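Read through the structure below, which is laid out as structure tokens, and then see the notes.
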Amino acid sequence: MRQVKHLLEGKGREIYSVEPDQPVLQAIQAMADHHVGALLVMQGRELSGIVSERDYARKVILLGRSSAETPVWQIMSAPVETVSPEDSVDDCMRLCTQRRIRHLPVVAQGEVVGVISIGDLVKAVIDEQAEELAQLQRYIAG
């Protein structure tokens with residue numbers, strides 16, 4: 001069974017973050033620049049929360065707030081669900097489904113070491129199923 005550490009090996013450990021006091025507009029610009037749907041909210045090396053496009057839509061746009069004047073800490077989601085590099089893909093899929101979240105920071109020994117998304121998890125499941133199917137086809141073909 002694949003683990004989170006295997007996903008990070010394949011996708012990399014790049015972490016995109018914003019500080020809690022930065023304006024939401026800056027966070028949205030960073031998401032666009034990095035082609036991601038969420039940023040970790042970091043105070044130094046400490047994980048404070050996560051801010052996503054969903055947070056922006058629900059807590060800024062729908063409430064008529066100013067993106068330039070609202071600090072990230074006012075709209076971020078906290079506390080953040082995290083996973084470890086040893087957690088299984090299945091456990092992460094279950095967590096995302098139950099909590100209705102799309103991004104999971106990966107924490108090892110108290111430090112953020114990466115981020116995985118629901119897209120990464122779905123890709124891992126599809127790849128694993130394709131591999132199993134190929135093995136079964138080889139077995140049947142002899």
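Every chain in the structure tokens takes a letter, A first, then B, and so on in the order presented; its residues are numbered from 1, and the ligands are numbered from 1 following the presented order.
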Leaving out A:Glu46 and any residue of its chain fewer than 2 positions from it, which residues lie within 12 Å of it when counting only C-alpha atoms, given as a ChimeraX atom specification? /A:17-20,40-44,48-50,80,105,107,110-113
Restricting it to C-alpha atoms, dump the selection as a PDB file, in the first residue's frame.
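File written: out.pdb
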ATOM      1  CA  SER A  17       2.814  29.617   2.136  1.00  0.00           C
ATOM      2  CA  VAL A  18       1.651  33.008   3.295  1.00  0.00           C
ATOM      3  CA  GLU A  19       1.912  34.757   6.642  1.00  0.00           C
ATOM      4  CA  PRO A  20      -1.240  35.367   8.724  1.00  0.00           C
ATOM      5  CA  LEU A  40      -0.329  27.031   4.113  1.00  0.00           C
ATOM      6  CA  VAL A  41      -0.488  29.874   6.599  1.00  0.00           C
ATOM      7  CA  MET A  42       2.853  29.863   8.388  1.00  0.00           C
ATOM      8  CA  GLN A  43       4.101  31.944  11.293  1.00  0.00           C
ATOM      9  CA  GLY A  44       7.816  31.347  10.876  1.00  0.00           C
ATOM     10  CA  SER A  48      -1.120  28.323  11.779  1.00  0.00           C
ATOM     11  CA  GLY A  49      -3.774  27.400   9.229  1.00  0.00           C
ATOM     12  CA  ILE A  50      -4.573  26.927   5.581  1.00  0.00           C
ATOM     13  CA  VAL A  80      -5.482  22.185  10.160  1.00  0.00           C
ATOM     14  CA  PRO A 105      -0.092  19.352   5.016  1.00  0.00           C
ATOM     15  CA  VAL A 107       4.153  16.945   9.080  1.00  0.00           C
ATOM     16  CA  GLY A 110       6.698  18.731  14.174  1.00  0.00           C
ATOM     17  CA  GLU A 111       7.826  20.268  10.879  1.00  0.00           C
ATOM     18  CA  VAL A 112       5.882  20.708   7.631  1.00  0.00           C
ATOM     19  CA  VAL A 113       7.633  18.635   4.945  1.00  0.00           C
TER      20      VAL A 113
END
Counting only C-alpha atoms, give me one row per residue of stretch 15-129 of chain A with an atom at most 8 Å from an atom of stretch 6-9 of chain A, showing the shortest contact pair and its distance in Å to one decimal, sorted by chain then residue number, as a tab-separated table.
residue	atom	partner	partner_atom	distance
A:Gly114	CA	A:Leu8	CA	7.0
A:Val115	CA	A:Leu8	CA	7.9
A:Ile116	CA	A:Leu8	CA	7.6
A:Asp120	CA	A:Leu7	CA	7.3
A:Ala124	CA	A:Leu7	CA	7.5
Give me the residues near stretch 51-58 of chain A as a list in words, where near means some atom within 8 Å (using only C-alpha atoms) and where sequence neighbours in that chain fewer than 2 positions away do not count.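 Skipping anything fewer than 2 positions along the chain leaves Val24, Ile28, Gly37, Ala38, Leu39, Leu40, Val41, Gly49, Val60, Ile61, Leu62, Leu63, Val72, Ile75, Met76 and Ser77 of chain A.
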Would you list, as a ChimeraX atom specification, the residues of chain A that end up in strand (DSSP E or B) under DSSP run on this structure's backbone? /A:3,17-18,23,38-43,46-52,71,77,83,88,103-108,111-117
Write the residues of the selection above to a file with N, CA, C and O atoms, as a tab-separated table (two decimals), in the first residue's frame.
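Result went into result_20.tsv, see below:
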chain	number	residue	atom	x	y	z
A	3	GLN	N	2.22	5.00	0.56
A	3	GLN	CA	2.18	5.93	1.67
A	3	GLN	C	2.42	7.36	1.17
A	3	GLN	O	2.88	7.57	0.04
A	17	SER	N	3.44	29.13	0.91
A	17	SER	CA	2.81	29.62	2.14
A	17	SER	C	2.67	31.13	2.12
A	17	SER	O	3.24	31.82	1.28
A	18	VAL	N	1.91	31.59	3.08
A	18	VAL	CA	1.65	33.01	3.29
A	18	VAL	C	1.66	33.23	4.81
A	18	VAL	O	1.41	32.29	5.57
A	23	PRO	N	-2.23	40.47	3.37
A	23	PRO	CA	-3.58	40.64	2.83
A	23	PRO	C	-4.01	39.45	1.97
A	23	PRO	O	-3.18	38.80	1.33
A	38	ALA	N	-4.61	26.24	-2.69
A	38	ALA	CA	-4.51	26.56	-1.27
A	38	ALA	C	-3.06	26.87	-0.90
A	38	ALA	O	-2.13	26.40	-1.57
A	39	LEU	N	-2.91	27.63	0.15
A	39	LEU	CA	-1.59	27.95	0.70
A	39	LEU	C	-1.59	27.64	2.18
A	39	LEU	O	-2.60	27.84	2.87
A	40	LEU	N	-0.47	27.19	2.67
A	40	LEU	CA	-0.33	27.03	4.11
A	40	LEU	C	-0.15	28.42	4.71
A	40	LEU	O	0.46	29.30	4.10
A	41	VAL	N	-0.69	28.62	5.88
A	41	VAL	CA	-0.49	29.87	6.60
A	41	VAL	C	0.55	29.56	7.67
A	41	VAL	O	0.30	28.76	8.58
A	42	MET	N	1.72	30.17	7.52
A	42	MET	CA	2.85	29.86	8.39
A	42	MET	C	3.29	31.10	9.15
A	42	MET	O	3.41	32.18	8.57
A	43	GLN	N	3.51	30.91	10.44
A	43	GLN	CA	4.10	31.94	11.29
A	43	GLN	C	5.51	31.45	11.57
A	43	GLN	O	5.70	30.59	12.44
A	46	GLU	N	6.03	27.58	11.99
A	46	GLU	CA	4.86	26.99	12.63
A	46	GLU	C	3.62	27.10	11.73
A	46	GLU	O	3.31	28.17	11.22
A	47	LEU	N	2.91	26.00	11.58
A	47	LEU	CA	1.70	25.95	10.78
A	47	LEU	C	0.55	26.54	11.59
A	47	LEU	O	0.18	26.03	12.64
A	48	SER	N	-0.02	27.64	11.08
A	48	SER	CA	-1.12	28.32	11.78
A	48	SER	C	-2.48	27.97	11.20
A	48	SER	O	-3.49	28.00	11.90
A	49	GLY	N	-2.51	27.68	9.90
A	49	GLY	CA	-3.77	27.40	9.23
A	49	GLY	C	-3.54	27.11	7.76
A	49	GLY	O	-2.41	26.94	7.32
A	50	ILE	N	-4.63	27.10	7.02
A	50	ILE	CA	-4.57	26.93	5.58
A	50	ILE	C	-5.63	27.85	4.98
A	50	ILE	O	-6.69	28.04	5.57
A	51	VAL	N	-5.31	28.46	3.86
A	51	VAL	CA	-6.25	29.34	3.18
A	51	VAL	C	-6.42	28.82	1.76
A	51	VAL	O	-5.45	28.51	1.08
A	52	SER	N	-7.68	28.71	1.34
A	52	SER	CA	-7.98	28.12	0.04
A	52	SER	C	-8.86	29.06	-0.79
A	52	SER	O	-9.39	30.05	-0.28
A	71	PRO	N	-6.85	40.64	6.33
A	71	PRO	CA	-5.68	39.78	6.54
A	71	PRO	C	-6.07	38.29	6.44
A	71	PRO	O	-7.20	37.91	6.73
A	77	SER	N	-8.58	28.61	7.46
A	77	SER	CA	-9.17	27.48	8.18
A	77	SER	C	-8.16	27.00	9.21
A	77	SER	O	-6.99	26.78	8.89
A	83	VAL	N	-1.21	15.11	8.08
A	83	VAL	CA	-0.88	13.70	7.98
A	83	VAL	C	0.62	13.55	8.11
A	83	VAL	O	1.36	14.53	8.00
A	88	SER	N	-1.14	6.07	5.08
A	88	SER	CA	-1.47	5.45	3.80
A	88	SER	C	-2.33	6.37	2.95
A	88	SER	O	-3.03	7.25	3.47
A	103	HIS	N	-6.81	19.57	0.78
A	103	HIS	CA	-5.36	19.70	0.94
A	103	HIS	C	-4.95	19.24	2.33
A	103	HIS	O	-5.59	19.60	3.32
A	104	LEU	N	-3.86	18.49	2.37
A	104	LEU	CA	-3.35	17.98	3.64
A	104	LEU	C	-1.86	18.30	3.78
A	104	LEU	O	-1.03	17.78	3.02
A	105	PRO	N	-1.51	19.14	4.73
A	105	PRO	CA	-0.09	19.35	5.02
A	105	PRO	C	0.50	18.06	5.60
A	105	PRO	O	-0.16	17.35	6.36
A	106	VAL	N	1.73	17.78	5.22
A	106	VAL	CA	2.43	16.60	5.71
A	106	VAL	C	3.43	17.07	6.75
A	106	VAL	O	4.28	17.92	6.47
A	107	VAL	N	3.31	16.52	7.96
A	107	VAL	CA	4.15	16.94	9.08
A	107	VAL	C	4.95	15.75	9.60
A	107	VAL	O	4.40	14.68	9.85
A	108	ALA	N	6.27	15.96	9.74
A	108	ALA	CA	7.16	14.95	10.31
A	108	ALA	C	7.96	15.60	11.42
A	108	ALA	O	8.59	16.64	11.21
A	111	GLU	N	7.49	19.33	11.96
A	111	GLU	CA	7.83	20.27	10.88
A	111	GLU	C	7.08	19.90	9.60
A	111	GLU	O	6.98	18.73	9.23
A	112	VAL	N	6.57	20.93	8.90
A	112	VAL	CA	5.88	20.71	7.63
A	112	VAL	C	6.92	20.30	6.59
A	112	VAL	O	7.90	21.01	6.37
A	113	VAL	N	6.68	19.15	5.94
A	113	VAL	CA	7.63	18.63	4.95
A	113	VAL	C	7.03	18.54	3.55
A	113	VAL	O	7.71	18.15	2.61
A	114	GLY	N	5.76	18.90	3.40
A	114	GLY	CA	5.12	18.87	2.10
A	114	GLY	C	3.63	19.04	2.22
A	114	GLY	O	3.10	19.21	3.32
A	115	VAL	N	2.96	19.00	1.08
A	115	VAL	CA	1.50	19.12	1.02
A	115	VAL	C	1.01	18.16	-0.06
A	115	VAL	O	1.61	18.08	-1.13
A	116	ILE	N	-0.07	17.43	0.25
A	116	ILE	CA	-0.71	16.61	-0.78
A	116	ILE	C	-2.14	17.08	-0.95
A	116	ILE	O	-2.74	17.62	-0.02
A	117	SER	N	-2.65	16.86	-2.14
A	117	SER	CA	-4.02	17.28	-2.44
A	117	SER	C	-4.86	16.05	-2.77
A	117	SER	O	-4.34	14.96	-3.01
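Comparing the minimum interatomic distances between A:Ser67 and each of A:Gln22, A:Gln135, A:Ser84, A:Thr97, counting only C-alpha atoms, we find that A:Gln22 sits nearest.
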Could you tell me how far atom CA of A:Pro85 lies from atom CA of A:Arg100, in Å and to one decimal?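 Calculated distance between atom CA of A:Pro85 and atom CA of A:Arg100 is 20.7 Å.
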Helix (DSSP H, G or I) residues, from DSSP on the backbone, in chain A, as an MDAnalysis selection string: chainID A and resid 4:11 24:34 53:61 72:74 89:99 118:141
Let me make sure I understand: among A:Trp73, A:Ile101, A:Val125, A:Lys11, which one has the smallest atom-to-atom distance to A:Lys59 if we use only C-alpha atoms? A:Trp73
Figure out the distance between atom CA of A:Arg102 and atom CA of A:Leu121, please, to one decimal in Å. 9.8 Å
Neighbouring residues of A:Met1 were defined as those with any atom within 9 Å, considering only C-alpha atoms; residues of the same chain fewer than 3 positions away were excluded. Please report them as a PDB file with N, CA, C and O atoms, in the first residue's frame.
ATOM      1  N   SER A  88      -1.140   6.072   5.084  1.00  0.00           N
ATOM      2  CA  SER A  88      -1.470   5.445   3.805  1.00  0.00           C
ATOM      3  C   SER A  88      -2.327   6.366   2.952  1.00  0.00           C
ATOM      4  O   SER A  88      -3.029   7.245   3.467  1.00  0.00           O
ATOM      5  N   VAL A  89      -2.277   6.138   1.657  1.00  0.00           N
ATOM      6  CA  VAL A  89      -3.118   6.882   0.720  1.00  0.00           C
ATOM      7  C   VAL A  89      -4.590   6.662   1.070  1.00  0.00           C
ATOM      8  O   VAL A  89      -5.380   7.604   1.070  1.00  0.00           O
ATOM      9  N   ASP A  90      -4.954   5.432   1.410  1.00  0.00           N
ATOM     10  CA  ASP A  90      -6.347   5.130   1.763  1.00  0.00           C
ATOM     11  C   ASP A  90      -6.806   5.930   2.982  1.00  0.00           C
ATOM     12  O   ASP A  90      -7.917   6.463   2.994  1.00  0.00           O
ATOM     13  N   GLU A 128      -2.338   2.798  -8.921  1.00  0.00           N
ATOM     14  CA  GLU A 128      -2.274   1.498  -8.248  1.00  0.00           C
ATOM     15  C   GLU A 128      -3.241   0.506  -8.892  1.00  0.00           C
ATOM     16  O   GLU A 128      -2.906  -0.658  -9.110  1.00  0.00           O
TER      17      GLU A 128
END
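Atom CA of A:Ala32 lies 17.3 Å from atom CA of A:Gly119.
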Among the residues A:Gly12, A:Arg94, A:Leu25, A:Val122, the one that comes closest to A:Arg65 [using only C-alpha atoms]: A:Leu25
